[in-house]
Amino acid sequence: MKTLWLRIAIALLFITVTFTAKAEFGQWCVADPQIPDNVIQAALDWACQIGGADCSKIQPDQPCFLPNTVKDHASVVFNDYYQRYKHKGGTCDFHSAAVITQRDPSNGSCHFEYIQ
């Protein structure tokens with residue numbers, strides 16, 4: 001009986017370490033929830049029009065259109081920009097409108113890419 005409990009404990013420890021390690025190494029860029037929408041919108045406009053981010057996923061009938069809020073759309077676009085350009089000097093700042101999170105913000109059909 002002790003052997004069974006030991007095996008269960010080791011399996012649970014392995015699962016915990018595996019999922020914790022995965023979360024610790026991922027970094028996504030999202031809109032800062034404390035920043036006003038007009039500031040977020042200006043940064044979103046820059047990222048889509050000048051910055052080179054892919055904004056197609058936040059268009060109607062696309063996987064990240066809903067929820068249809070400035071902060072949700074900006075998070076998708078900010079992360080796209082950050083993942084594309086972080087190895088070329090790109091940052092997750094957007095005039096202080098964005099922050100790094102270690103929790104994958106993907107939800108439903110909207111997948112936030114993570115590139116190591």
# chains A, B, ... in the order shown; residues from 1 in each chain; ligands from 1
>>> residues_around(residues="segment 60-65 of chain A", least_positions_apart="2", cutoff="7 Å", atoms="only C-alpha atoms", output="count of residues only")
6
>>> closest_residue(among="A:Asn79, A:Ala43, A:Lys71, A:Asp54", to="Ile100 of chain A", atoms="only C-alpha atoms")
A:Asn79
>>> closest_residue(among="A:His111, A:Ala42, A:His95, A:Gln59", to="Asp80 of chain A", atoms="only C-alpha atoms")
A:His111
>>> closest_residue(among="A:Gln83, A:Gln116, A:Gln34, A:Ser56", to="Ser96 of chain A", atoms="only C-alpha atoms")
A:Gln34
>>> select_by_dssp(residues="segment 41-115 of chain A", states="strand (DSSP E)", output="NGL selection string")
:A and (98-101)
>>> residues_around(residues="segment 44-47 of chain A", least_positions_apart="6", cutoff="9 Å", atoms="only C-alpha atoms", output="list of chain:residue names")
A:Ala53, A:Asp54, A:Cys55, A:Val70, A:His73, A:Ala74, A:Ser75, A:Val77, A:Phe78, A:Tyr81, A:Phe94
>>> closest_residue(among="A:Tyr82, A:His87, A:Ala31, A:Val76", to="Asn107 of chain A", atoms="only C-alpha atoms")
A:Val76
